[in-house]
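Peer 1: Once you've had a glance at the structure underneath, I'll fire off some questions.
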Amino acid sequence: MRTVVITGVSGGLGAALFDQLASRGDRVLALGRHFSDAQRALAAREPERVTLRTTDLAEVASLPDTAELALALRGATGAVLLHNAAVIEPIGPVGTLAPEQVARAVTVNLTAPMLLTNAFLAAAGRPAQVLFISSGAAQRAIEGWSAYCATKSGGKMFFAVLAAEADKVTVACVNPGVMDTPMQSTIRAASFPERERYEGLHSRGELPDPADVARKIISAHLTNQYED
C-alpha cells in the first residue's frame, strides 16, 4: 500500500486531496493544526490506514523527524510527500509588514517544506515522490504579496534542485491556479492593487471547486505511481 504524507488538510485543496486519496485506498499521514470532524471520524474507523498528526508548520520543532517518518512509511510500496499547506499573509507593501507574520510565512511556506522533505527522503529511501503545490506568484511579482511570492519562488527553486539531484525520486511543482478556497477569502478581504481581479472571479462564479482541482492533480501526478 502506498503511503502519502500531506500537509494542510483542514480545508480547501488540502481537504479535497485528503478525501480523494483516502477514498482511493492510500495510507495517509496528515500533518496540520486542525482536522475536520469527518477526518477525525475516518481516522477513528481506520487507524491503521489514516493518521492525523497535529503539527504546526510555523514551529519547526513540531515537525516529524526521520525516525517518525520511517515508522509511518514502514511496509509501504511507495512513498509520497505532498506539500499543500501555505499562508498568504502578510499582504501589504514592504515597509508596513508585521515582522512576526513575515517570519511565519517564511517558515510555513519554505522552511518547513525544506526540512520535511529532507527528513522524508532520509526515511523513505527510493523510489519516492514529492509534490509541492506552487502558485503563479512563484513566477511573477504581485504588489502586496512580497512574502508569498518570495517563499513560493524559493520553494520552486529548492524543488528544482532536488529534481536535478534526485535518483529515483519524482519531483513536481504544481501550480493549481485560483480556486474557491479559504485563502481566496483572505485575499478578497485584503487591500492590494489586484484585489478587484480576485473579487471579479468570485462574483462571476469563475473560481473552480477544489475537488475538481484535486482530481486533476491526482490524475496528472499521483495515479498509478508506486501503487500495488
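Starting from 1 in every chain, residues are counted up; chains themselves are A, B, ... following the order of the C-alpha cells, and ligands are numbered from 1 as listed.
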Which residues are near Gln184 in chain A? Cut-off 12 Å, only C-alpha atoms, ignore same chain within fewer than 3 positions. Put them as a count of residues only.
Peer 2: 26
Peer 1: Just how far from CA of Lys156 in chain A is CA of Val213 in chain A, in Å to one decimal?
Peer 2: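 Between CA of Val213 in chain A and CA of Lys156 in chain A the gap is 19.7 Å.
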Peer 1: Give me, as a PyMOL selection string, all polymer residues having an atom no more than 8 Å from Val50 in chain A, counting only C-alpha atoms and skipping those fewer than 4 positions away in the same chain.
Peer 2: chain A and resi 22+27-30+42-43+46
Peer 1: Could you pull out the alpha helix (DSSP H) residues of range 62-112 of chain A, going by DSSP on the backbone, and write them as an mmCIF file with N, CA and C atoms, in the first residue's frame?
Peer 2:
data_model
loop_
_atom_site.group_PDB
_atom_site.id
_atom_site.type_symbol
_atom_site.label_atom_id
_atom_site.label_comp_id
_atom_site.auth_asym_id
_atom_site.auth_seq_id
_atom_site.Cartn_x
_atom_site.Cartn_y
_atom_site.Cartn_z
ATOM 1 N N THR A 66 13.020 12.103 10.976
ATOM 2 C CA THR A 66 13.255 10.958 10.095
ATOM 3 C C THR A 66 12.788 9.659 10.729
ATOM 4 N N ALA A 67 13.047 9.476 12.006
ATOM 5 C CA ALA A 67 12.656 8.232 12.673
ATOM 6 C C ALA A 67 11.144 8.056 12.681
ATOM 7 N N GLU A 68 10.415 9.132 12.969
ATOM 8 C CA GLU A 68 8.947 9.045 12.981
ATOM 9 C C GLU A 68 8.407 8.767 11.587
ATOM 10 N N LEU A 69 8.976 9.422 10.582
ATOM 11 C CA LEU A 69 8.517 9.196 9.219
ATOM 12 C C LEU A 69 8.866 7.786 8.748
ATOM 13 N N ALA A 70 10.005 7.292 9.138
ATOM 14 C CA ALA A 70 10.387 5.926 8.752
ATOM 15 C C ALA A 70 9.388 4.915 9.310
ATOM 16 N N LEU A 71 8.927 5.143 10.525
ATOM 17 C CA LEU A 71 7.927 4.267 11.124
ATOM 18 C C LEU A 71 6.616 4.353 10.358
ATOM 19 N N ALA A 72 6.228 5.564 9.986
ATOM 20 C CA ALA A 72 4.976 5.751 9.244
ATOM 21 C C ALA A 72 5.033 5.129 7.859
ATOM 22 N N LEU A 73 6.229 5.081 7.259
ATOM 23 C CA LEU A 73 6.384 4.564 5.899
ATOM 24 C C LEU A 73 6.716 3.075 5.865
ATOM 25 N N PRO A 99 6.603 41.985 11.389
ATOM 26 C CA PRO A 99 7.732 41.058 11.338
ATOM 27 C C PRO A 99 7.356 39.620 11.674
ATOM 28 N N GLU A 100 6.484 39.445 12.663
ATOM 29 C CA GLU A 100 6.133 38.084 13.056
ATOM 30 C C GLU A 100 5.363 37.362 11.948
ATOM 31 N N GLN A 101 4.582 38.120 11.154
ATOM 32 C CA GLN A 101 3.859 37.499 10.048
ATOM 33 C C GLN A 101 4.804 37.116 8.917
ATOM 34 N N VAL A 102 5.799 37.955 8.651
ATOM 35 C CA VAL A 102 6.793 37.621 7.631
ATOM 36 C C VAL A 102 7.546 36.361 8.036
ATOM 37 N N ALA A 103 7.973 36.308 9.287
ATOM 38 C CA ALA A 103 8.713 35.137 9.770
ATOM 39 C C ALA A 103 7.854 33.875 9.678
ATOM 40 N N ARG A 104 6.576 34.004 10.005
ATOM 41 C CA ARG A 104 5.684 32.845 9.938
ATOM 42 C C ARG A 104 5.515 32.382 8.492
ATOM 43 N N ALA A 105 5.351 33.323 7.561
ATOM 44 C CA ALA A 105 5.192 32.959 6.157
ATOM 45 C C ALA A 105 6.414 32.216 5.636
ATOM 46 N N VAL A 106 7.591 32.710 5.986
ATOM 47 C CA VAL A 106 8.822 32.056 5.535
ATOM 48 C C VAL A 106 8.915 30.645 6.106
ATOM 49 N N ALA A 112 9.642 24.927 6.488
ATOM 50 C CA ALA A 112 9.027 23.638 6.854
ATOM 51 C C ALA A 112 9.039 22.651 5.685
#
Peer 1: Set out as a Markdown table a contact list for range 7-95 of chain A and range 165-173 of chain A with a cut-off of 12 Å, giving each residue of range 7-95 of chain A that qualifies its closest atom pair and distance in Å to one decimal, counting only C-alpha atoms, ordered by chain and rising residue number.
Peer 2:
| residue | atom | partner | partner_atom | distance |
| --- | --- | --- | --- | --- |
| A:Gly78 | CA | A:Val169 | CA | 10.7 |
| A:Ala79 | CA | A:Val169 | CA | 9.8 |
| A:Val80 | CA | A:Thr170 | CA | 9.2 |
| A:Leu81 | CA | A:Val171 | CA | 9.7 |
| A:Leu82 | CA | A:Ala172 | CA | 9.7 |
| A:His83 | CA | A:Cys173 | CA | 9.5 |
| A:Asn84 | CA | A:Cys173 | CA | 10.7 |
Peer 1: Just the residues within 10 Å of Gly75 in chain A, please, counting only C-alpha atoms, with nothing from its chain fewer than 5 positions along; format it as a VMD selection string.
Peer 2: chain A and resid 1 to 3 70
Peer 1: Can I get the selection written as a PDB file, in the first residue's frame, with N, CA and C atoms?
Peer 2:
ATOM      1  N   MET A   1       0.842  -1.198   0.000  1.00  0.00           N
ATOM      2  CA  MET A   1       0.000   0.000   0.000  1.00  0.00           C
ATOM      3  C   MET A   1       0.879   1.251   0.000  1.00  0.00           C
ATOM      4  N   ARG A   2       0.556   2.191  -0.849  1.00  0.00           N
ATOM      5  CA  ARG A   2       1.302   3.447  -0.909  1.00  0.00           C
ATOM      6  C   ARG A   2       0.960   4.314   0.299  1.00  0.00           C
ATOM      7  N   THR A   3       1.954   5.044   0.805  1.00  0.00           N
ATOM      8  CA  THR A   3       1.734   5.987   1.894  1.00  0.00           C
ATOM      9  C   THR A   3       1.925   7.401   1.381  1.00  0.00           C
ATOM     10  N   ALA A  70      10.005   7.292   9.138  1.00  0.00           N
ATOM     11  CA  ALA A  70      10.387   5.926   8.752  1.00  0.00           C
ATOM     12  C   ALA A  70       9.388   4.915   9.310  1.00  0.00           C
TER      13      ALA A  70
END
Peer 1: Using only C-alpha atoms, which residues of range 86-120 of chain A come within 12 Å of range 124-127 of chain A, and what is the closest atom pair for each, with the distance in Å to one decimal? Give it as a Markdown table, sorted by chain and residue number.
Peer 2:
| residue | atom | partner | partner_atom | distance |
| --- | --- | --- | --- | --- |
| A:Leu116 | CA | A:Ala124 | CA | 11.7 |
| A:Thr117 | CA | A:Ala124 | CA | 10.1 |
| A:Asn118 | CA | A:Ala124 | CA | 10.1 |
| A:Ala119 | CA | A:Ala124 | CA | 8.6 |
| A:Phe120 | CA | A:Ala124 | CA | 5.8 |
Peer 1: Let me see the file: selected residues, N, CA and C atoms, as a compact mmCIF listing (two decimals), in the first residue's frame.
Peer 2:
# COMPACT_ATOMS: atom_id res chain seq x y z
N LEU A 116 10.98 19.16 6.05
CA LEU A 116 10.17 17.95 5.97
C LEU A 116 10.61 17.07 4.80
N THR A 117 10.95 17.70 3.68
CA THR A 117 11.44 16.93 2.53
C THR A 117 12.75 16.23 2.87
N ASN A 118 13.63 16.93 3.55
CA ASN A 118 14.92 16.34 3.94
C ASN A 118 14.71 15.11 4.83
N ALA A 119 13.83 15.23 5.81
CA ALA A 119 13.56 14.10 6.71
C ALA A 119 12.84 12.97 5.97
N PHE A 120 11.90 13.34 5.11
CA PHE A 120 11.12 12.34 4.36
C PHE A 120 12.01 11.49 3.47
Peer 1: Please list as a PyMOL selection string every residue within 8 Å of His34 in chain A, counting only C-alpha atoms and excluding residues in the same chain fewer than 4 positions away.
Peer 2: chain A and resi 9-10+54
Peer 1: Residues within 10 Å of Leu222 in chain A, please, as a list in words. Count only C-alpha atoms; anything in the same chain fewer than 4 positions from it doesn't count.
Peer 2: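 Counting only C-alpha atoms, the residues come to Val4, Leu21, Val80, Gln129, Leu131, Arg215, Lys216, Ile217, Ile218, Tyr226 and Glu227 of chain A.
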Peer 1: Between A:Met183, A:Thr55, A:Pro64, A:Glu194, which one has atoms that come closest to Ala141 in chain A, using only C-alpha atoms?
Peer 2: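 Closest residue, counting only C-alpha atoms: A:Glu194.
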Peer 1: Work out how far CA of Phe18 in chain A is from CA of Pro113 in chain A, in Å to one decimal.
Peer 2: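 If I compute the distance from CA of Pro113 in chain A to CA of Phe18 in chain A, I get 17.8 Å.
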Peer 1: From the options A:Arg74, A:His221, A:Arg40, A:Arg49, which residue's atoms come nearest to Gly25 in chain A, counting only C-alpha atoms?
Peer 2: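 Smallest distance to Gly25 in chain A is found for A:Arg49.
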Peer 1: Point out the residue among A:Pro176, A:Ser191, A:Met114, A:Ser203 with the least atom-to-atom distance to Met157 in chain A, counting only C-alpha atoms.
Peer 2: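 Residue with the minimum atom-to-atom distance to Met157 in chain A: A:Met114.
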Peer 1: In Å to one decimal, how far is CA of Val108 in chain A from CA of Ala58 in chain A?
Peer 2: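 It comes out at 5.1 Å.
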